[in-house]
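Visitor: Input file: entry09.cif. Contents: mmCIF, C-alpha atoms and all ligand atoms; chains and numbers go by the auth columns.
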data_target
loop_
_atom_site.group_PDB
_atom_site.id
_atom_site.type_symbol
_atom_site.label_atom_id
_atom_site.label_comp_id
_atom_site.label_asym_id
_atom_site.label_seq_id
_atom_site.Cartn_x
_atom_site.Cartn_y
_atom_site.Cartn_z
_atom_site.B_iso_or_equiv
_atom_site.auth_seq_id
_atom_site.auth_asym_id
ATOM 1 C CA MET A 1 -16.928 -25.430 -18.699 0.00 1 A
ATOM 2 C CA LYS A 2 -20.023 -23.723 -17.397 0.00 2 A
ATOM 3 C CA ASN A 3 -18.498 -23.691 -13.914 0.00 3 A
ATOM 4 C CA ILE A 4 -15.302 -22.116 -15.198 0.00 4 A
ATOM 5 C CA ILE A 5 -17.237 -19.380 -16.948 0.00 5 A
ATOM 6 C CA SER A 6 -19.345 -18.579 -13.919 0.00 6 A
ATOM 7 C CA LEU A 7 -16.286 -18.609 -11.667 0.00 7 A
ATOM 8 C CA THR A 8 -14.546 -16.202 -14.049 0.00 8 A
ATOM 9 C CA LEU A 9 -17.611 -13.985 -14.016 0.00 9 A
ATOM 10 C CA ILE A 10 -17.752 -14.021 -10.224 0.00 10 A
ATOM 11 C CA LEU A 11 -14.058 -13.184 -9.953 0.00 11 A
ATOM 12 C CA THR A 12 -14.461 -10.378 -12.477 0.00 12 A
ATOM 13 C CA LEU A 13 -17.430 -8.953 -10.602 0.00 13 A
ATOM 14 C CA ALA A 14 -15.665 -9.400 -7.278 0.00 14 A
ATOM 15 C CA GLY A 15 -12.614 -7.705 -8.713 0.00 15 A
ATOM 16 C CA SER A 16 -14.570 -4.693 -9.861 0.00 16 A
ATOM 17 C CA ALA A 17 -16.558 -4.477 -6.627 0.00 17 A
ATOM 18 C CA PHE A 18 -13.605 -4.776 -4.288 0.00 18 A
ATOM 19 C CA ALA A 19 -10.754 -3.487 -6.393 0.00 19 A
ATOM 20 C CA GLN A 20 -10.311 -0.092 -4.775 0.00 20 A
ATOM 21 C CA GLY A 21 -6.962 -0.544 -3.205 0.00 21 A
ATOM 22 C CA ALA A 22 -4.736 1.309 -0.806 0.00 22 A
ATOM 23 C CA SER A 23 -2.166 3.837 -1.923 0.00 23 A
ATOM 24 C CA PHE A 24 0.693 5.983 -0.680 0.00 24 A
ATOM 25 C CA ALA A 25 -0.484 9.428 0.438 0.00 25 A
ATOM 26 C CA TYR A 26 3.012 10.239 1.688 0.00 26 A
ATOM 27 C CA PRO A 27 5.635 10.073 0.370 0.00 27 A
ATOM 28 C CA GLN A 28 4.661 10.458 -3.259 0.00 28 A
ATOM 29 C CA ASP A 29 6.252 8.979 -6.347 0.00 29 A
ATOM 30 C CA GLY A 30 9.422 10.922 -7.162 0.00 30 A
ATOM 31 C CA ASP A 31 9.855 12.470 -3.699 0.00 31 A
ATOM 32 C CA THR A 32 13.328 12.966 -2.248 0.00 32 A
ATOM 33 C CA LEU A 33 13.974 11.547 1.247 0.00 33 A
ATOM 34 C CA VAL A 34 16.961 12.005 3.536 0.00 34 A
ATOM 35 C CA ALA A 35 18.808 8.845 4.665 0.00 35 A
ATOM 36 C CA GLY A 36 18.666 8.403 8.428 0.00 36 A
ATOM 37 C CA SER A 37 15.698 10.712 8.904 0.00 37 A
ATOM 38 C CA SER A 38 12.446 9.619 10.503 0.00 38 A
ATOM 39 C CA ILE A 39 9.355 9.886 8.297 0.00 39 A
ATOM 40 C CA ASP A 40 5.678 8.975 8.520 0.00 40 A
ATOM 41 C CA ILE A 41 4.641 6.799 5.632 0.00 41 A
ATOM 42 C CA ARG A 42 0.921 7.386 5.252 0.00 42 A
ATOM 43 C CA ILE A 43 -1.076 4.692 3.471 0.00 43 A
ATOM 44 C CA ASP A 44 -4.582 5.706 2.468 0.00 44 A
ATOM 45 C CA ARG A 45 -7.422 3.222 2.214 0.00 45 A
ATOM 46 C CA PRO A 46 -10.379 4.817 0.394 0.00 46 A
ATOM 47 C CA THR A 47 -13.675 3.329 1.563 0.00 47 A
ATOM 48 C CA PRO A 48 -14.339 0.121 -0.385 0.00 48 A
ATOM 49 C CA SER A 49 -17.751 -0.217 -2.014 0.00 49 A
ATOM 50 C CA ALA A 50 -18.488 -3.418 -0.068 0.00 50 A
ATOM 51 C CA PRO A 51 -17.916 -4.268 3.598 0.00 51 A
ATOM 52 C CA THR A 52 -14.270 -5.210 3.915 0.00 52 A
ATOM 53 C CA THR A 53 -12.214 -7.019 6.502 0.00 53 A
ATOM 54 C CA GLU A 54 -8.594 -5.963 6.407 0.00 54 A
ATOM 55 C CA ALA A 55 -6.062 -8.774 6.627 0.00 55 A
ATOM 56 C CA GLY A 56 -2.541 -7.433 6.566 0.00 56 A
ATOM 57 C CA ILE A 57 0.181 -5.392 5.032 0.00 57 A
ATOM 58 C CA GLY A 58 3.931 -5.711 4.459 0.00 58 A
ATOM 59 C CA LEU A 59 5.834 -2.499 3.876 0.00 59 A
ATOM 60 C CA GLY A 60 9.430 -2.208 2.743 0.00 60 A
ATOM 61 C CA MET A 61 12.048 -0.655 0.544 0.00 61 A
ATOM 62 C CA SER A 62 14.804 -1.756 -1.804 0.00 62 A
ATOM 63 C CA PRO A 63 17.481 0.099 -3.735 0.00 63 A
ATOM 64 C CA CYS A 64 16.991 0.149 -7.507 0.00 64 A
ATOM 65 C CA SER A 65 19.724 -0.765 -9.946 0.00 65 A
ATOM 66 C CA SER A 66 20.322 1.412 -12.980 0.00 66 A
ATOM 67 C CA GLU A 67 18.041 -0.931 -14.951 0.00 67 A
ATOM 68 C CA SER A 68 15.209 -1.821 -12.611 0.00 68 A
ATOM 69 C CA CYS A 69 13.691 -1.877 -9.152 0.00 69 A
ATOM 70 C CA PRO A 70 12.966 -5.159 -7.340 0.00 70 A
ATOM 71 C CA SER A 71 9.251 -5.850 -7.140 0.00 71 A
ATOM 72 C CA PRO A 72 7.689 -5.930 -3.651 0.00 72 A
ATOM 73 C CA GLU A 73 6.287 -9.282 -4.784 0.00 73 A
ATOM 74 C CA THR A 74 9.838 -10.639 -4.993 0.00 74 A
ATOM 75 C CA SER A 75 11.808 -9.059 -2.153 0.00 75 A
ATOM 76 C CA PHE A 76 12.381 -6.157 0.196 0.00 76 A
ATOM 77 C CA GLU A 77 15.931 -5.279 1.210 0.00 77 A
ATOM 78 C CA HIS A 78 14.495 -3.365 4.195 0.00 78 A
ATOM 79 C CA LEU A 79 11.279 -4.557 5.830 0.00 79 A
ATOM 80 C CA PHE A 80 9.660 -1.713 7.781 0.00 80 A
ATOM 81 C CA TYR A 81 6.480 -3.428 8.891 0.00 81 A
ATOM 82 C CA ALA A 82 4.631 -6.704 8.511 0.00 82 A
ATOM 83 C CA GLY A 83 1.362 -7.184 10.337 0.00 83 A
ATOM 84 C CA GLY A 84 -2.223 -6.103 10.586 0.00 84 A
ATOM 85 C CA PHE A 85 -3.588 -3.146 8.658 0.00 85 A
ATOM 86 C CA ASN A 86 -5.983 -0.939 10.583 0.00 86 A
ATOM 87 C CA PRO A 87 -6.684 2.235 8.591 0.00 87 A
ATOM 88 C CA GLN A 88 -8.689 4.809 10.542 0.00 88 A
ATOM 89 C CA ARG A 89 -10.678 7.726 9.266 0.00 89 A
ATOM 90 C CA PRO A 90 -9.269 11.078 10.471 0.00 90 A
ATOM 91 C CA SER A 91 -11.384 12.678 13.199 0.00 91 A
ATOM 92 C CA GLN A 92 -10.415 16.105 11.901 0.00 92 A
ATOM 93 C CA VAL A 93 -9.176 16.985 8.438 0.00 93 A
ATOM 94 C CA ALA A 94 -6.703 19.822 7.988 0.00 94 A
ATOM 95 C CA ALA A 95 -6.701 21.921 4.828 0.00 95 A
ATOM 96 C CA GLY A 96 -5.085 19.978 2.003 0.00 96 A
ATOM 97 C CA GLU A 97 -5.603 16.588 3.658 0.00 97 A
ATOM 98 C CA ASP A 98 -8.033 13.979 2.424 0.00 98 A
ATOM 99 C CA PHE A 99 -10.869 12.175 4.203 0.00 99 A
ATOM 100 C CA ASN A 100 -9.625 8.678 3.491 0.00 100 A
ATOM 101 C CA ALA A 101 -9.033 6.190 6.226 0.00 101 A
ATOM 102 C CA PHE A 102 -5.289 5.853 6.636 0.00 102 A
ATOM 103 C CA GLN A 103 -2.535 4.404 8.770 0.00 103 A
ATOM 104 C CA ASN A 104 0.832 6.015 9.424 0.00 104 A
ATOM 105 C CA PHE A 105 3.991 3.961 9.719 0.00 105 A
ATOM 106 C CA THR A 106 6.932 5.801 11.244 0.00 106 A
ATOM 107 C CA VAL A 107 10.182 4.525 9.729 0.00 107 A
ATOM 108 C CA THR A 108 13.830 5.527 9.493 0.00 108 A
ATOM 109 C CA VAL A 109 14.903 6.097 5.901 0.00 109 A
ATOM 110 C CA PRO A 110 17.615 3.483 5.173 0.00 110 A
ATOM 111 C CA SER A 111 21.131 4.362 4.052 0.00 111 A
ATOM 112 C CA ILE A 112 20.469 4.001 0.357 0.00 112 A
ATOM 113 C CA SER A 113 22.023 6.362 -2.146 0.00 113 A
ATOM 114 C CA GLY A 114 19.840 7.287 -5.096 0.00 114 A
ATOM 115 C CA SER A 115 16.767 5.611 -6.480 0.00 115 A
ATOM 116 C CA ALA A 116 14.772 3.233 -4.272 0.00 116 A
ATOM 117 C CA ILE A 117 11.437 1.483 -4.526 0.00 117 A
ATOM 118 C CA LEU A 118 9.025 1.865 -1.615 0.00 118 A
ATOM 119 C CA GLY A 119 6.266 -0.701 -1.715 0.00 119 A
ATOM 120 C CA PHE A 120 3.667 -2.652 0.157 0.00 120 A
ATOM 121 C CA LEU A 121 1.743 -5.868 -0.218 0.00 121 A
ATOM 122 C CA HIS A 122 -1.818 -5.637 1.021 0.00 122 A
ATOM 123 C CA SER A 123 -4.592 -8.157 1.412 0.00 123 A
ATOM 124 C CA SER A 124 -8.171 -7.893 2.568 0.00 124 A
ATOM 125 C CA PHE A 125 -11.489 -9.692 2.199 0.00 125 A
ATOM 126 C CA GLY A 126 -14.497 -8.083 0.576 0.00 126 A
ATOM 127 C CA GLU A 127 -17.828 -9.360 1.813 0.00 127 A
ATOM 128 C CA GLY A 128 -20.326 -10.383 -0.846 0.00 128 A
ATOM 129 C CA ALA A 129 -23.702 -12.103 -0.904 0.00 129 A
ATOM 130 C CA SER A 130 -22.024 -15.483 -1.372 0.00 130 A
ATOM 131 C CA GLY A 131 -19.022 -15.117 0.914 0.00 131 A
ATOM 132 C CA TYR A 132 -15.707 -13.419 1.409 0.00 132 A
ATOM 133 C CA PHE A 133 -13.564 -12.518 -1.577 0.00 133 A
ATOM 134 C CA PRO A 134 -9.819 -12.145 -1.088 0.00 134 A
ATOM 135 C CA PHE A 135 -8.186 -9.081 -2.538 0.00 135 A
ATOM 136 C CA PHE A 136 -4.433 -8.808 -3.011 0.00 136 A
ATOM 137 C CA GLU A 137 -2.345 -5.984 -4.305 0.00 137 A
ATOM 138 C CA SER A 138 1.249 -4.893 -4.673 0.00 138 A
ATOM 139 C CA VAL A 139 1.733 -1.133 -4.700 0.00 139 A
ATOM 140 C CA ASN A 140 4.941 0.808 -5.199 0.00 140 A
ATOM 141 C CA ILE A 141 6.422 4.228 -5.722 0.00 141 A
ATOM 142 C CA THR A 142 9.974 5.265 -6.522 0.00 142 A
ATOM 143 C CA VAL A 143 11.773 7.729 -4.293 0.00 143 A
ATOM 144 C CA ASN A 144 15.185 9.357 -4.381 0.00 144 A
ATOM 145 C CA ILE A 145 17.338 9.094 -1.250 0.00 145 A
ATOM 146 C CA ILE A 146 20.040 11.615 -0.489 0.00 146 A
ATOM 147 C CA SER A 147 22.665 11.651 2.232 0.00 147 A
ATOM 148 C CA GLY A 148 21.799 13.588 5.369 0.00 148 A
ATOM 149 C CA SER A 149 25.381 14.520 6.290 0.00 149 A
ATOM 150 C CA GLN A 150 26.628 17.043 3.774 0.00 150 A
HETATM 151 C C1 LIG B . 0.442 10.918 9.369 0.00 201 U
HETATM 152 O O1 LIG B . 1.532 11.251 8.538 0.00 201 U
HETATM 153 C C2 LIG B . 1.329 12.451 7.808 0.00 201 U
HETATM 154 C C3 LIG B . 2.521 12.609 6.882 0.00 201 U
HETATM 155 O O2 LIG B . 3.692 12.843 7.589 0.00 201 U
HETATM 156 C C4 LIG B . 1.194 13.631 8.779 0.00 201 U
HETATM 157 O O3 LIG B . 0.930 14.803 8.032 0.00 201 U
HETATM 158 C C5 LIG B . 0.041 13.362 9.727 0.00 201 U
HETATM 159 O O4 LIG B . 0.020 14.366 10.709 0.00 201 U
HETATM 160 C C6 LIG B . 0.212 11.998 10.406 0.00 201 U
HETATM 161 N N1 LIG B . -0.996 11.738 11.170 0.00 201 U
HETATM 162 C C7 LIG B . -0.981 11.064 12.304 0.00 201 U
HETATM 163 C C8 LIG B . -2.302 10.885 12.963 0.00 201 U
HETATM 164 O O5 LIG B . 0.041 10.606 12.803 0.00 201 U
HETATM 165 C C1 LIG B . 5.239 -0.485 -9.639 0.00 202 U
HETATM 166 O O1 LIG B . 3.876 -0.129 -9.805 0.00 202 U
HETATM 167 C C2 LIG B . 3.517 0.036 -11.186 0.00 202 U
HETATM 168 C C3 LIG B . 2.065 0.474 -11.199 0.00 202 U
HETATM 169 O O2 LIG B . 1.930 1.684 -10.542 0.00 202 U
HETATM 170 C C4 LIG B . 3.707 -1.245 -11.933 0.00 202 U
HETATM 171 O O3 LIG B . 3.390 -1.038 -13.303 0.00 202 U
HETATM 172 C C5 LIG B . 5.150 -1.697 -11.807 0.00 202 U
HETATM 173 O O4 LIG B . 5.292 -2.962 -12.416 0.00 202 U
HETATM 174 C C6 LIG B . 5.546 -1.790 -10.340 0.00 202 U
HETATM 175 N N1 LIG B . 6.972 -2.062 -10.262 0.00 202 U
HETATM 176 C C7 LIG B . 7.473 -3.087 -9.604 0.00 202 U
HETATM 177 C C8 LIG B . 8.962 -3.228 -9.647 0.00 202 U
HETATM 178 O O5 LIG B . 6.772 -3.874 -8.985 0.00 202 U
#
If you convert what's in this file into structure tokens, what do you get?
Ligand SMILES: *[C@@H]1O[C@H](CO)[C@@H](O)[C@H](O)[C@H]1NC(C)=O
Ligand SMILES: *[C@@H]1O[C@H](CO)[C@@H](O)[C@H](O)[C@H]1NC(C)=O
Guide:
Amino acid sequence: MKNIISLTLILTLAGSAFAQGASFAYPQDGDTLVAGSSIDIRIDRPTPSAPTTEAGIGLGMSPCSSESCPSPETSFEHLFYAGGFNPQRPSQVAAGEDFNAFQNFTVTVPSISGSAILGFLHSSFGEGASGYFPFFESVNITVNIISGSQ
């Protein structure tokens, strides 16, 4: 019992120390995208409070039904990228941009009509006094896709 409590405490502390996750800088929740167009998906990775080793990321999109959107934890209809995550801090920051480390993924917007979920799964390891603590997250936004040929 004592071990379970201390493990829970460690996980809670690890969670709070390493919980700062990655997020979509572009596009943003609610944005409208044009099917067939090429866009840069920018994923920001604010500096974690502890030394962190990035593991990987899977980025994809699925159409939503009228009731719900498929979770990135369950499926992607379109997989844009699966591999290492290597966010880099910008060397110069233009007005209106942020200082976060980020990685751009250039993708072609799929032929979806209407609401779609754009999501990624991300994992990394935070380094603590007693070892490496895995961090997992599933992040999503909802976008609206319109036809490019009017
Ligand atoms: C990353 O994508 C954003 C959004 O399109 C763009 O503003 C920025 O110039 C891109 N940066 C790089 C280094 O490709
Ligand atoms: C999308 O992310 C929100 C948190 O921002 C979460 O509450 C929701 O369950 C996620 N949706 C899916 C389908 O994973």
Visitor: With only C-alpha atoms and all ligand atoms counted, collect every polymer residue having an atom within 6 Å of ligand LIG 201 (chain U); state the result as a list of chain:residue names.
Guide: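 Listing the residues within 6 Å of ligand LIG 201 (chain U) gives A:Tyr26, A:Asp40, A:Arg42, A:Asn104.
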Visitor: Return as a PyMOL selection string the residues of protein, DNA or RNA that approach ligand LIG 202 (chain U) to within 12 Å, with all atoms listed in the file taken into account.
Guide: chain A and resi 21-24+28-29+61-65+67-76+116-121+137-143
Visitor: Store the residues picked out above, limited to C-alpha atoms, as a CSV table (one decimal), in the frame of the given file.
Guide:
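File selection-v8.csv, as written:
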chain,number,residue,atom,x,y,z
A,21,GLY,CA,-7.0,-0.5,-3.2
A,22,ALA,CA,-4.7,1.3,-0.8
A,23,SER,CA,-2.2,3.8,-1.9
A,24,PHE,CA,0.7,6.0,-0.7
A,28,GLN,CA,4.7,10.5,-3.3
A,29,ASP,CA,6.3,9.0,-6.3
A,61,MET,CA,12.0,-0.7,0.5
A,62,SER,CA,14.8,-1.8,-1.8
A,63,PRO,CA,17.5,0.1,-3.7
A,64,CYS,CA,17.0,0.1,-7.5
A,65,SER,CA,19.7,-0.8,-9.9
A,67,GLU,CA,18.0,-0.9,-15.0
A,68,SER,CA,15.2,-1.8,-12.6
A,69,CYS,CA,13.7,-1.9,-9.2
A,70,PRO,CA,13.0,-5.2,-7.3
A,71,SER,CA,9.3,-5.8,-7.1
A,72,PRO,CA,7.7,-5.9,-3.7
A,73,GLU,CA,6.3,-9.3,-4.8
A,74,THR,CA,9.8,-10.6,-5.0
A,75,SER,CA,11.8,-9.1,-2.2
A,76,PHE,CA,12.4,-6.2,0.2
A,116,ALA,CA,14.8,3.2,-4.3
A,117,ILE,CA,11.4,1.5,-4.5
A,118,LEU,CA,9.0,1.9,-1.6
A,119,GLY,CA,6.3,-0.7,-1.7
A,120,PHE,CA,3.7,-2.7,0.2
A,121,LEU,CA,1.7,-5.9,-0.2
A,137,GLU,CA,-2.3,-6.0,-4.3
A,138,SER,CA,1.2,-4.9,-4.7
A,139,VAL,CA,1.7,-1.1,-4.7
A,140,ASN,CA,4.9,0.8,-5.2
A,141,ILE,CA,6.4,4.2,-5.7
A,142,THR,CA,10.0,5.3,-6.5
A,143,VAL,CA,11.8,7.7,-4.3
Visitor: Excluding same-chain residues fewer than 6 positions from Arg89 of chain A, what lies within 7 Å of it counting all atoms listed in the file, as a PDB file with C-alpha atoms, in the coordinates of the input?
Guide:
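Now in out-v4.pdb:
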ATOM      1  CA  PHE A  99     -10.869  12.175   4.203  1.00  0.00           C
ATOM      2  CA  ASN A 100      -9.625   8.678   3.491  1.00  0.00           C
ATOM      3  CA  ALA A 101      -9.033   6.190   6.226  1.00  0.00           C
ATOM      4  CA  PHE A 102      -5.289   5.853   6.636  1.00  0.00           C
TER       5      PHE A 102
END
Visitor: Atom CA of Ser37 of chain A to atom CA of Thr108 of chain A: how many Å, to one decimal?
Guide: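 Computed distance, atom CA of Ser37 of chain A to atom CA of Thr108 of chain A, equals 5.5 Å.
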Visitor: Nearest to Ser123 of chain A among A:Val107, A:Gly58, A:Gly148, A:Glu77, with distances taken over all atoms listed in the file: which residue is it?
Guide: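 With all atoms listed in the file as the atom set, the closest residue is A:Gly58.
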Visitor: Which residue gives the smallest distance to Ser38 of chain A among A:Gly126, A:Gly96, A:Pro110, A:Gly56, with all atoms listed in the file counted?
Guide: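 Closest residue, counting all atoms listed in the file: A:Pro110.
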Visitor: Find the residue from A:Glu127, A:Glu54, A:Asp44, A:Asp31 that sits nearest to Asp98 of chain A; use only C-alpha atoms when measuring.
Guide: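 Looking at the shortest contact to Asp98 of chain A, the residue is A:Asp44.
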Visitor: Identify all residues satisfying the PyMOL selection byres (((chain A and resi 83) around 10) and not hetatm) in the given file; provide them as a list in words.
Guide: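 Output of the PyMOL selection byres (((chain A and resi 83) around 10) and not hetatm): Ala55, Gly56, Ile57, Gly58, Leu59, Tyr81, Ala82, Gly84, Phe85, Asn86 and His122 of chain A.
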Visitor: Between A:Ser66, A:Gly60, A:Pro90, A:Val109, which residue has the minimum interatomic distance to Ile39 of chain A, considering all atoms listed in the file?
Guide: A:Val109
Visitor: Quick check, in Å to one decimal: how far apart do atom CA of Pro87 of chain A and atom CA of Gln103 of chain A lie?
Guide: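 A separation of 4.7 Å between them.
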